[in-house]
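So this one's entry-v6.tsv, TSV, C-alpha atoms and all ligand atoms:
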chain	number	residue	atom	x	y	z
E	1	MET	CA	-22.61	19.40	-31.49
E	2	ARG	CA	-19.98	21.79	-32.75
E	3	PRO	CA	-18.21	23.96	-30.22
E	4	SER	CA	-19.64	27.35	-29.47
E	5	LEU	CA	-17.55	30.46	-29.12
E	6	SER	CA	-17.02	32.44	-25.99
E	7	ALA	CA	-17.99	36.07	-25.76
E	8	ARG	CA	-14.40	37.09	-25.19
E	9	HIS	CA	-11.19	36.62	-27.10
E	10	ASN	CA	-7.67	37.70	-26.24
E	11	GLY	CA	-9.06	39.64	-23.33
E	12	ARG	CA	-11.14	41.85	-25.61
E	13	PRO	CA	-14.93	41.76	-25.55
E	14	GLU	CA	-16.53	40.43	-28.69
E	15	ARG	CA	-18.65	42.89	-30.56
E	16	SER	CA	-21.79	40.86	-30.05
E	17	ALA	CA	-23.40	38.16	-27.98
E	18	ILE	CA	-22.93	34.60	-29.26
E	19	MET	CA	-25.14	31.59	-28.76
E	20	THR	CA	-25.66	28.27	-30.44
E	21	VAL	CA	-29.01	27.82	-32.15
E	22	PRO	CA	-30.17	24.40	-33.33
E	23	ASN	CA	-32.05	24.61	-36.65
E	24	ALA	CA	-31.62	28.35	-36.82
E	25	PRO	CA	-32.78	30.17	-39.95
E	26	GLY	CA	-29.89	30.09	-42.37
E	27	CYS	CA	-28.80	26.65	-41.22
E	28	SER	CA	-28.98	24.39	-44.20
E	29	ARG	CA	-29.30	20.98	-42.60
E	30	PRO	CA	-31.90	19.72	-40.15
E	31	GLY	CA	-30.36	19.37	-36.72
E	32	GLU	CA	-27.38	21.54	-37.54
E	33	THR	CA	-26.29	23.88	-34.80
E	34	CYS	CA	-25.20	27.29	-35.96
E	35	ILE	CA	-23.45	30.12	-34.24
E	36	ARG	CA	-25.87	33.05	-34.09
E	37	GLN	CA	-24.46	36.40	-33.23
E	38	GLY	CA	-26.93	39.12	-32.56
E	39	SER	CA	-25.96	42.55	-31.35
E	40	GLY	CA	-28.76	42.86	-28.84
E	41	ASN	CA	-27.03	45.69	-27.03
E	42	GLY	CA	-26.08	47.52	-30.17
E	43	ALA	CA	-22.41	46.87	-29.49
E	44	SER	CA	-21.68	45.47	-32.93
E	45	GLY	CA	-20.61	47.65	-35.81
E	46	ARG	CA	-24.05	47.62	-37.38
E	47	GLU	CA	-27.41	48.08	-35.73
E	48	GLY	CA	-29.52	44.94	-36.10
E	49	ASP	CA	-26.51	42.77	-36.92
E	50	ASP	CA	-27.65	39.17	-36.80
E	51	VAL	CA	-25.20	36.83	-38.48
E	52	ILE	CA	-25.15	33.04	-38.62
E	53	ILE	CA	-21.84	31.21	-39.02
E	54	ARG	CA	-22.23	27.71	-40.47
E	55	GLU	CA	-20.74	25.39	-43.07
E	56	LEU	CA	-21.52	25.82	-46.73
E	57	ALA	CA	-24.04	23.26	-47.92
E	58	ALA	CA	-23.24	21.18	-50.99
E	59	THR	CA	-26.31	22.56	-52.75
E	60	GLU	CA	-25.38	26.21	-52.32
E	61	SER	CA	-24.29	28.46	-55.16
E	62	ILE	CA	-20.63	28.41	-56.11
E	63	ALA	CA	-21.35	31.38	-58.37
E	64	ASP	CA	-22.49	33.42	-55.37
E	65	MET	CA	-19.42	32.35	-53.40
E	66	THR	CA	-17.14	33.30	-56.29
E	67	ALA	CA	-18.83	36.69	-56.64
E	68	LEU	CA	-18.42	37.32	-52.91
E	69	LEU	CA	-14.71	36.51	-53.12
E	70	HIS	CA	-14.20	38.76	-56.15
E	71	ALA	CA	-15.92	41.64	-54.33
E	72	ALA	CA	-14.00	41.09	-51.09
E	73	TYR	CA	-10.60	40.82	-52.75
E	74	ALA	CA	-11.09	43.65	-55.27
E	75	ARG	CA	-9.25	46.17	-53.08
E	76	LEU	CA	-6.26	43.84	-52.78
E	77	GLY	CA	-6.30	43.38	-56.55
E	78	GLY	CA	-6.30	47.16	-56.91
E	79	MET	CA	-3.24	47.29	-54.67
E	80	GLY	CA	-1.45	45.05	-57.17
E	81	PHE	CA	-1.67	41.80	-55.19
E	82	ASN	CA	-2.85	39.00	-57.46
E	83	TYR	CA	-4.41	36.83	-54.76
E	84	THR	CA	-6.16	33.87	-56.34
E	85	ALA	CA	-9.55	35.06	-55.08
E	86	VAL	CA	-9.25	38.34	-56.98
E	87	ASP	CA	-10.37	36.67	-60.19
E	88	GLN	CA	-10.68	32.92	-59.68
E	89	ILE	CA	-13.21	31.06	-61.81
E	90	GLU	CA	-15.98	28.97	-60.28
E	91	ASP	CA	-14.11	25.70	-60.79
E	92	VAL	CA	-11.25	27.06	-58.73
E	93	THR	CA	-13.66	28.09	-55.98
E	94	ARG	CA	-15.13	24.59	-56.07
E	95	SER	CA	-11.77	22.84	-55.86
E	96	ARG	CA	-10.55	25.12	-53.07
E	97	ILE	CA	-13.71	24.40	-51.08
E	98	ALA	CA	-13.18	20.65	-51.57
E	99	ARG	CA	-9.82	20.89	-49.76
E	100	GLY	CA	-11.38	21.51	-46.36
E	101	ARG	CA	-14.37	22.90	-44.54
E	102	CYS	CA	-15.93	26.06	-45.88
E	103	LEU	CA	-17.52	28.32	-43.28
E	104	VAL	CA	-19.97	31.00	-44.35
E	105	ALA	CA	-21.46	34.04	-42.64
E	106	ILE	CA	-25.13	34.45	-43.46
E	107	ASP	CA	-27.16	37.56	-42.76
E	108	ASP	CA	-30.88	37.42	-43.39
E	109	GLY	CA	-30.35	34.55	-45.83
E	110	ALA	CA	-27.58	36.29	-47.75
E	111	LEU	CA	-23.94	35.24	-47.98
E	112	VAL	CA	-21.78	38.02	-46.50
E	113	GLY	CA	-18.50	36.27	-45.67
E	114	THR	CA	-16.49	33.07	-45.83
E	115	ILE	CA	-13.34	31.35	-44.61
E	116	MET	CA	-11.79	28.00	-45.47
E	117	PHE	CA	-10.49	25.71	-42.74
E	118	HIS	CA	-8.01	23.00	-43.73
E	119	PRO	CA	-7.23	20.30	-41.14
E	120	PRO	CA	-3.62	19.14	-40.75
E	121	GLY	CA	-2.33	17.29	-43.80
E	122	ARG	CA	-4.25	19.30	-46.43
E	123	SER	CA	-1.80	22.13	-47.09
E	124	ALA	CA	1.66	22.13	-48.66
E	125	GLY	CA	4.27	24.30	-50.29
E	126	CYS	CA	6.23	25.48	-47.26
E	127	PRO	CA	7.71	23.73	-44.21
E	128	CYS	CA	5.13	25.15	-41.82
E	129	TYR	CA	2.15	23.94	-43.86
E	130	GLU	CA	3.66	20.47	-44.18
E	131	ARG	CA	3.94	19.92	-40.44
E	132	PRO	CA	1.51	17.16	-39.33
E	133	ASP	CA	0.19	19.30	-36.47
E	134	VAL	CA	-0.57	22.45	-38.46
E	135	ALA	CA	-4.05	23.37	-39.72
E	136	THR	CA	-4.53	26.31	-42.06
E	137	ILE	CA	-7.09	28.88	-43.11
E	138	GLY	CA	-7.55	30.65	-46.42
E	139	GLN	CA	-10.02	32.02	-48.97
E	140	PHE	CA	-11.13	34.49	-46.34
E	141	GLY	CA	-13.37	37.34	-47.37
E	142	VAL	CA	-16.23	39.55	-46.24
E	143	LEU	CA	-18.40	41.72	-48.48
E	144	PRO	CA	-16.85	45.21	-48.68
E	145	GLY	CA	-19.96	46.86	-47.24
E	146	ARG	CA	-19.73	44.58	-44.23
E	147	GLN	CA	-16.01	44.77	-43.55
E	148	GLY	CA	-15.02	46.22	-40.23
E	149	THR	CA	-18.19	45.10	-38.47
E	150	GLY	CA	-16.80	41.97	-36.80
E	151	THR	CA	-17.89	39.30	-39.28
E	152	GLY	CA	-14.32	38.36	-40.21
E	153	THR	CA	-13.35	38.02	-36.57
E	154	ARG	CA	-16.30	35.71	-35.99
E	155	LEU	CA	-15.37	33.56	-38.98
E	156	LEU	CA	-11.76	33.38	-37.81
E	157	HIS	CA	-12.74	32.40	-34.28
E	158	HIS	CA	-15.04	29.68	-35.55
E	159	ALA	CA	-12.19	28.34	-37.71
E	160	GLU	CA	-10.06	28.32	-34.57
E	161	GLU	CA	-12.67	26.11	-32.90
E	162	LEU	CA	-12.46	23.72	-35.86
E	163	ALA	CA	-8.68	23.71	-35.49
E	164	PHE	CA	-9.03	22.88	-31.80
E	165	ALA	CA	-11.45	20.05	-32.59
E	166	SER	CA	-9.09	18.71	-35.26
E	167	GLY	CA	-6.30	18.27	-32.74
E	168	ALA	CA	-3.98	20.72	-34.50
E	169	ALA	CA	-1.34	22.42	-32.37
E	170	GLU	CA	-1.00	25.44	-34.65
E	171	LEU	CA	-3.26	27.36	-37.03
E	172	ALA	CA	-1.40	28.99	-39.92
E	173	LEU	CA	-2.21	31.30	-42.82
E	174	ASP	CA	-0.46	33.20	-45.57
E	175	THR	CA	-0.85	36.66	-46.96
E	176	SER	CA	1.18	39.12	-49.00
E	177	GLU	CA	4.18	40.54	-47.19
E	178	GLY	CA	3.04	43.93	-48.47
E	179	ALA	CA	-0.46	43.72	-46.98
E	180	ASP	CA	0.48	45.60	-43.83
E	181	HIS	CA	-3.13	46.10	-42.72
E	182	LEU	CA	-3.77	42.33	-42.79
E	183	ILE	CA	-0.48	41.41	-41.14
E	184	GLY	CA	-1.22	43.91	-38.38
E	185	TRP	CA	-4.66	42.50	-37.80
E	186	TYR	CA	-3.44	38.89	-37.76
E	187	LYS	CA	-0.76	39.90	-35.25
E	188	ARG	CA	-3.43	41.41	-33.02
E	189	GLU	CA	-5.26	38.09	-33.29
E	190	GLY	CA	-2.16	36.29	-31.98
E	191	PHE	CA	-0.52	35.14	-35.22
E	192	ARG	CA	3.23	35.61	-35.54
E	193	PHE	CA	5.65	35.46	-38.45
E	194	VAL	CA	6.99	31.99	-39.25
E	195	GLU	CA	8.61	32.14	-42.70
E	196	TYR	CA	8.34	33.47	-46.22
E	197	ALA	CA	6.96	31.56	-49.19
E	198	GLN	CA	6.90	32.30	-52.88
E	199	TRP	CA	3.79	30.77	-54.43
E	200	GLU	CA	3.92	30.02	-58.14
E	201	GLY	CA	2.35	32.75	-60.25
E	202	LYS	CA	2.15	35.32	-57.48
E	203	THR	CA	3.63	38.76	-58.02
E	204	TYR	CA	4.33	39.10	-54.31
E	205	ARG	CA	6.17	37.14	-51.65
E	206	SER	CA	3.96	35.70	-48.93
E	207	VAL	CA	4.41	35.65	-45.20
E	208	ILE	CA	3.38	32.52	-43.34
E	209	MET	CA	1.91	33.33	-39.93
E	210	SER	CA	0.83	30.92	-37.22
E	211	LYS	CA	-0.67	30.87	-33.74
E	212	PRO	CA	-1.04	28.16	-31.12
E	213	VAL	CA	-4.48	26.59	-31.21
E	214	ARG	CA	-6.71	27.05	-28.24
E	215	SER	CA	-10.45	27.01	-27.75
E	216	HIS	CA	-12.30	30.21	-27.00
E	217	VAL	CA	-15.00	28.25	-25.20
E	218	GLY	CA	-15.13	29.31	-21.59
E	219	ALA	CA	-12.21	31.73	-22.04
F	1	LIG	C1	-9.83	40.52	-43.89
F	1	LIG	C2	-11.34	40.42	-43.73
F	1	LIG	C3	-11.80	39.01	-44.11
F	1	LIG	C4	-11.70	40.70	-42.28
F	1	LIG	O1	-13.09	40.66	-42.18
F	1	LIG	P1	-13.87	41.86	-41.48
F	1	LIG	O2	-15.28	41.47	-41.35
F	1	LIG	O3	-13.56	43.14	-42.15
F	1	LIG	O4	-13.15	41.81	-40.06
F	1	LIG	P2	-13.59	42.51	-38.72
F	1	LIG	O5	-14.74	43.43	-38.95
F	1	LIG	O6	-13.74	41.45	-37.73
F	1	LIG	O7	-12.34	43.44	-38.46
F	1	LIG	C5	-11.05	42.93	-38.41
F	1	LIG	C6	-10.11	44.05	-38.13
F	1	LIG	O8	-9.83	44.82	-39.28
F	1	LIG	C7	-10.37	46.13	-39.15
F	1	LIG	N1	-11.07	46.40	-40.41
F	1	LIG	C8	-11.40	45.48	-41.32
F	1	LIG	N2	-11.98	46.07	-42.38
F	1	LIG	C9	-12.02	47.36	-42.12
F	1	LIG	C10	-12.50	48.48	-42.84
F	1	LIG	N3	-13.05	48.37	-44.07
F	1	LIG	N4	-12.42	49.66	-42.28
F	1	LIG	C11	-11.86	49.78	-41.08
F	1	LIG	N5	-11.38	48.77	-40.34
F	1	LIG	C12	-11.45	47.57	-40.87
F	1	LIG	C13	-11.27	46.08	-37.97
F	1	LIG	O9	-11.31	47.32	-37.28
F	1	LIG	C14	-10.63	45.02	-37.13
F	1	LIG	O10	-9.52	45.46	-36.40
F	1	LIG	P3	-9.50	45.33	-34.82
F	1	LIG	O11	-10.04	43.95	-34.48
F	1	LIG	O12	-8.08	45.50	-34.46
F	1	LIG	O13	-10.40	46.41	-34.37
F	1	LIG	C15	-12.06	41.45	-44.63
F	1	LIG	O14	-11.66	42.76	-44.28
F	1	LIG	C16	-11.87	41.22	-46.10
F	1	LIG	O15	-12.65	40.54	-46.74
F	1	LIG	N6	-10.83	41.81	-46.67
F	1	LIG	C17	-10.54	41.64	-48.09
F	1	LIG	C18	-10.05	40.23	-48.38
F	1	LIG	C19	-8.87	39.88	-47.52
F	1	LIG	O16	-8.05	40.73	-47.19
F	1	LIG	N7	-8.76	38.59	-47.15
F	1	LIG	C20	-7.67	38.07	-46.37
F	1	LIG	C21	-6.54	37.74	-47.27
F	1	LIG	S1	-5.18	37.01	-46.33

Please lay out the structure from this file as structure tokens.
Amino acid sequence: MRPSLSARHNGRPERSAIMTVPNAPGCSRPGETCIRQGSGNGASGREGDDVIIRELAATESIADMTALLHAAYARLGGMGFNYTAVDQIEDVTRSRIARGRCLVAIDDGALVGTIMFHPPGRSAGCPCYERPDVATIGQFGVLPGRQGTGTGTRLLHHAEELAFASGAAELALDTSEGADHLIGWYKREGFRFVEYAQWEGKTYRSVIMSKPVRSHVGA
């Protein structure tokens, strides 16, 4: 069974209750255990919030995933940051998904968010990513209408559980050095600056951020 998430993180209460649900609606495979996060007490950002976090199934629509990423990253594109997900074609989505484990947030059967988890050994291009004990995340987006309601935090925390299970010592990510709002949020989630990287084709320099891996279970 995959690890469940605790109801607290970094000393802050989560926005909603979390429990594991075998064969929950939205789970694609028989026997799969999903993370269901219902508000119950109305503490989440949206009344009736009831999101499942699980892995993308091989049969699910890459077109839908690509459309979600385009929608999520549109604001960053408008800010002049040419993140790959701003306009990537479906084949790029497919190949990026093949590099690791793709988590999705499902609400009432609909895809509302995603994050990629890459175990150690799958990322390259900067010294941090090439360390044998570093896992990474990427391709991280939530539908604009759902942003700010806790879905991204839930996806991130589930990726952190995957990092813990993979044996990684650190979980790293990259974002534009000019995306102050993202850098600030990642810092609040415990990530700290490691180094800069200049990815080919990008109009911006990236910051590599990393945090020590720990499980939220029982925290
Ligand atoms: C980054 C992203 C995945 C986070 O997902 P999310 O569901 O919005 O995240 P959460 O609701 O858990 O909120 C995360 C933090 O950002 C804030 N936030 C995110 N979107 C917000 C919005 N539209 N309005 C106000 N606050 C927002 C939240 O208040 C929260 O901060 P806090 O934990 O300090 O209170 C999502 O905003 C997104 O898709 N952004 C566009 C794509 C992107 O930036 N991807 C990452 C590239 S490195």

>> Which residues are near ligand LIG 1 (chain F) - at most 6 Å, using only C-alpha atoms and all ligand atoms? Format: as an NGL selection string.
In response: :E and (72-73 or 140-142 or 147-153 or 175 or 185)

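Interatomic distance, atom CA of Val112 of chain E to atom CA of Ile89 of chain E: 18.9 Å.
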
Each segment 77-112 of chain E residue no farther than 12 Å from segment 192-199 of chain E, nearest pair in Å, all atoms listed in the file, as a Markdown table:
| residue | atom | partner | partner_atom | distance |
| --- | --- | --- | --- | --- |
| E:Asn82 | CA | E:Trp199 | CA | 11.0 |
| E:Tyr83 | CA | E:Trp199 | CA | 10.2 |
| E:Thr84 | CA | E:Trp199 | CA | 10.6 |

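Reported to one decimal place, the separation of atom CA of Glu189 of chain E from atom CA of Arg94 of chain E is 28.3 Å.
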
>> Between E:Gly138, E:Gly100, E:Pro119, E:Pro132, which residue has the minimum interatomic distance to Ile208 of chain E, considering only C-alpha atoms?
In response: E:Gly138

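Residue nearest Tyr204 of chain E, chosen from E:Leu76, E:Val92, E:Ala172, E:Val217 and counting all atoms listed in the file: E:Leu76.
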
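Here atom CA of Ala135 of chain E and atom CA of Leu103 of chain E stand 14.8 Å from one another.
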
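Ranking E:Met79, E:Ala179, E:Ile106, E:Leu111 by their shortest atom-to-atom distance to Ile62 of chain E, with all atoms listed in the file included, puts E:Leu111 first.
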
> From the list E:Val207, E:Val213, E:Ile137, E:Val86, which residue is nearest Ser166 of chain E when using only C-alpha atoms?
Replying inline: E:Val213

> Which neighbours of segment 65-70 of chain E fall inside 7 Å, counting only C-alpha atoms, when residues of the same chain fewer than 5 positions from it are skipped, and could you give them as a ChimeraX atom specification?
Replying inline: /E:85-87,90,93,141,143

> Mind listing as a count of residues only all residues within 12 Å of (0.0, 36.7, -29.5), counting all atoms listed in the file?
Replying inline: 19

Axis-aligned box for all listed atoms of segment 200-210 of chain E, 4 Å per side, centre and edges in Å to one decimal, as JSON:
{"center_x": 3.5, "center_y": 34.6, "center_z": -48.7, "size_x": 13.3, "size_y": 17.1, "size_z": 31.0}

Complete the atom set of segment 175-199 of chain E to N, CA and C atoms and return it as a PDB file, in the coordinates of the input.
ATOM      1  N   THR E 175      -0.357  35.457 -46.300  1.00  0.00           N
ATOM      2  CA  THR E 175      -0.850  36.660 -46.960  1.00  0.00           C
ATOM      3  C   THR E 175       0.342  37.389 -47.572  1.00  0.00           C
ATOM      4  N   SER E 176       0.072  38.397 -48.362  1.00  0.00           N
ATOM      5  CA  SER E 176       1.180  39.120 -49.000  1.00  0.00           C
ATOM      6  C   SER E 176       2.005  39.860 -47.956  1.00  0.00           C
ATOM      7  N   GLU E 177       3.316  39.822 -48.138  1.00  0.00           N
ATOM      8  CA  GLU E 177       4.180  40.540 -47.190  1.00  0.00           C
ATOM      9  C   GLU E 177       3.948  42.050 -47.258  1.00  0.00           C
ATOM     10  N   GLY E 178       3.309  42.497 -48.345  1.00  0.00           N
ATOM     11  CA  GLY E 178       3.040  43.930 -48.470  1.00  0.00           C
ATOM     12  C   GLY E 178       1.684  44.349 -47.936  1.00  0.00           C
ATOM     13  N   ALA E 179       0.885  43.399 -47.498  1.00  0.00           N
ATOM     14  CA  ALA E 179      -0.460  43.720 -46.980  1.00  0.00           C
ATOM     15  C   ALA E 179      -0.353  44.051 -45.493  1.00  0.00           C
ATOM     16  N   ASP E 180       0.193  45.227 -45.222  1.00  0.00           N
ATOM     17  CA  ASP E 180       0.480  45.600 -43.830  1.00  0.00           C
ATOM     18  C   ASP E 180      -0.767  45.590 -42.956  1.00  0.00           C
ATOM     19  N   HIS E 181      -1.903  46.026 -43.532  1.00  0.00           N
ATOM     20  CA  HIS E 181      -3.130  46.100 -42.720  1.00  0.00           C
ATOM     21  C   HIS E 181      -3.567  44.707 -42.275  1.00  0.00           C
ATOM     22  N   LEU E 182      -3.379  43.700 -43.160  1.00  0.00           N
ATOM     23  CA  LEU E 182      -3.770  42.330 -42.790  1.00  0.00           C
ATOM     24  C   LEU E 182      -2.779  41.737 -41.796  1.00  0.00           C
ATOM     25  N   ILE E 183      -1.494  41.945 -42.054  1.00  0.00           N
ATOM     26  CA  ILE E 183      -0.480  41.410 -41.140  1.00  0.00           C
ATOM     27  C   ILE E 183      -0.673  41.983 -39.742  1.00  0.00           C
ATOM     28  N   GLY E 184      -0.980  43.268 -39.688  1.00  0.00           N
ATOM     29  CA  GLY E 184      -1.220  43.910 -38.380  1.00  0.00           C
ATOM     30  C   GLY E 184      -2.407  43.318 -37.667  1.00  0.00           C
ATOM     31  N   TRP E 185      -3.470  43.080 -38.426  1.00  0.00           N
ATOM     32  CA  TRP E 185      -4.660  42.500 -37.800  1.00  0.00           C
ATOM     33  C   TRP E 185      -4.384  41.082 -37.322  1.00  0.00           C
ATOM     34  N   TYR E 186      -3.747  40.274 -38.168  1.00  0.00           N
ATOM     35  CA  TYR E 186      -3.440  38.890 -37.760  1.00  0.00           C
ATOM     36  C   TYR E 186      -2.547  38.880 -36.521  1.00  0.00           C
ATOM     37  N   LYS E 187      -1.603  39.824 -36.450  1.00  0.00           N
ATOM     38  CA  LYS E 187      -0.760  39.900 -35.250  1.00  0.00           C
ATOM     39  C   LYS E 187      -1.612  40.191 -34.018  1.00  0.00           C
ATOM     40  N   ARG E 188      -2.562  41.104 -34.169  1.00  0.00           N
ATOM     41  CA  ARG E 188      -3.430  41.410 -33.020  1.00  0.00           C
ATOM     42  C   ARG E 188      -4.274  40.209 -32.630  1.00  0.00           C
ATOM     43  N   GLU E 189      -4.506  39.318 -33.585  1.00  0.00           N
ATOM     44  CA  GLU E 189      -5.260  38.090 -33.290  1.00  0.00           C
ATOM     45  C   GLU E 189      -4.340  36.971 -32.774  1.00  0.00           C
ATOM     46  N   GLY E 190      -3.071  37.267 -32.597  1.00  0.00           N
ATOM     47  CA  GLY E 190      -2.160  36.290 -31.980  1.00  0.00           C
ATOM     48  C   GLY E 190      -1.270  35.535 -32.945  1.00  0.00           C
ATOM     49  N   PHE E 191      -1.393  35.816 -34.246  1.00  0.00           N
ATOM     50  CA  PHE E 191      -0.520  35.140 -35.220  1.00  0.00           C
ATOM     51  C   PHE E 191       0.847  35.821 -35.214  1.00  0.00           C
ATOM     52  N   ARG E 192       1.905  35.030 -35.443  1.00  0.00           N
ATOM     53  CA  ARG E 192       3.230  35.610 -35.540  1.00  0.00           C
ATOM     54  C   ARG E 192       3.927  35.069 -36.784  1.00  0.00           C
ATOM     55  N   PHE E 193       4.913  35.838 -37.238  1.00  0.00           N
ATOM     56  CA  PHE E 193       5.650  35.460 -38.450  1.00  0.00           C
ATOM     57  C   PHE E 193       6.357  34.123 -38.267  1.00  0.00           C
ATOM     58  N   VAL E 194       6.270  33.278 -39.286  1.00  0.00           N
ATOM     59  CA  VAL E 194       6.990  31.990 -39.250  1.00  0.00           C
ATOM     60  C   VAL E 194       8.067  31.947 -40.329  1.00  0.00           C
ATOM     61  N   GLU E 195       7.674  32.260 -41.582  1.00  0.00           N
ATOM     62  CA  GLU E 195       8.610  32.140 -42.700  1.00  0.00           C
ATOM     63  C   GLU E 195       8.020  32.827 -43.924  1.00  0.00           C
ATOM     64  N   TYR E 196       8.821  32.946 -44.941  1.00  0.00           N
ATOM     65  CA  TYR E 196       8.340  33.470 -46.220  1.00  0.00           C
ATOM     66  C   TYR E 196       8.068  32.304 -47.162  1.00  0.00           C
ATOM     67  N   ALA E 197       7.203  32.554 -48.137  1.00  0.00           N
ATOM     68  CA  ALA E 197       6.960  31.560 -49.190  1.00  0.00           C
ATOM     69  C   ALA E 197       6.731  32.308 -50.494  1.00  0.00           C
ATOM     70  N   GLN E 198       7.151  31.717 -51.566  1.00  0.00           N
ATOM     71  CA  GLN E 198       6.900  32.300 -52.880  1.00  0.00           C
ATOM     72  C   GLN E 198       6.019  31.340 -53.666  1.00  0.00           C
ATOM     73  N   TRP E 199       4.720  31.647 -53.708  1.00  0.00           N
ATOM     74  CA  TRP E 199       3.790  30.770 -54.430  1.00  0.00           C
ATOM     75  C   TRP E 199       3.945  31.009 -55.930  1.00  0.00           C
TER      76      TRP E 199
END
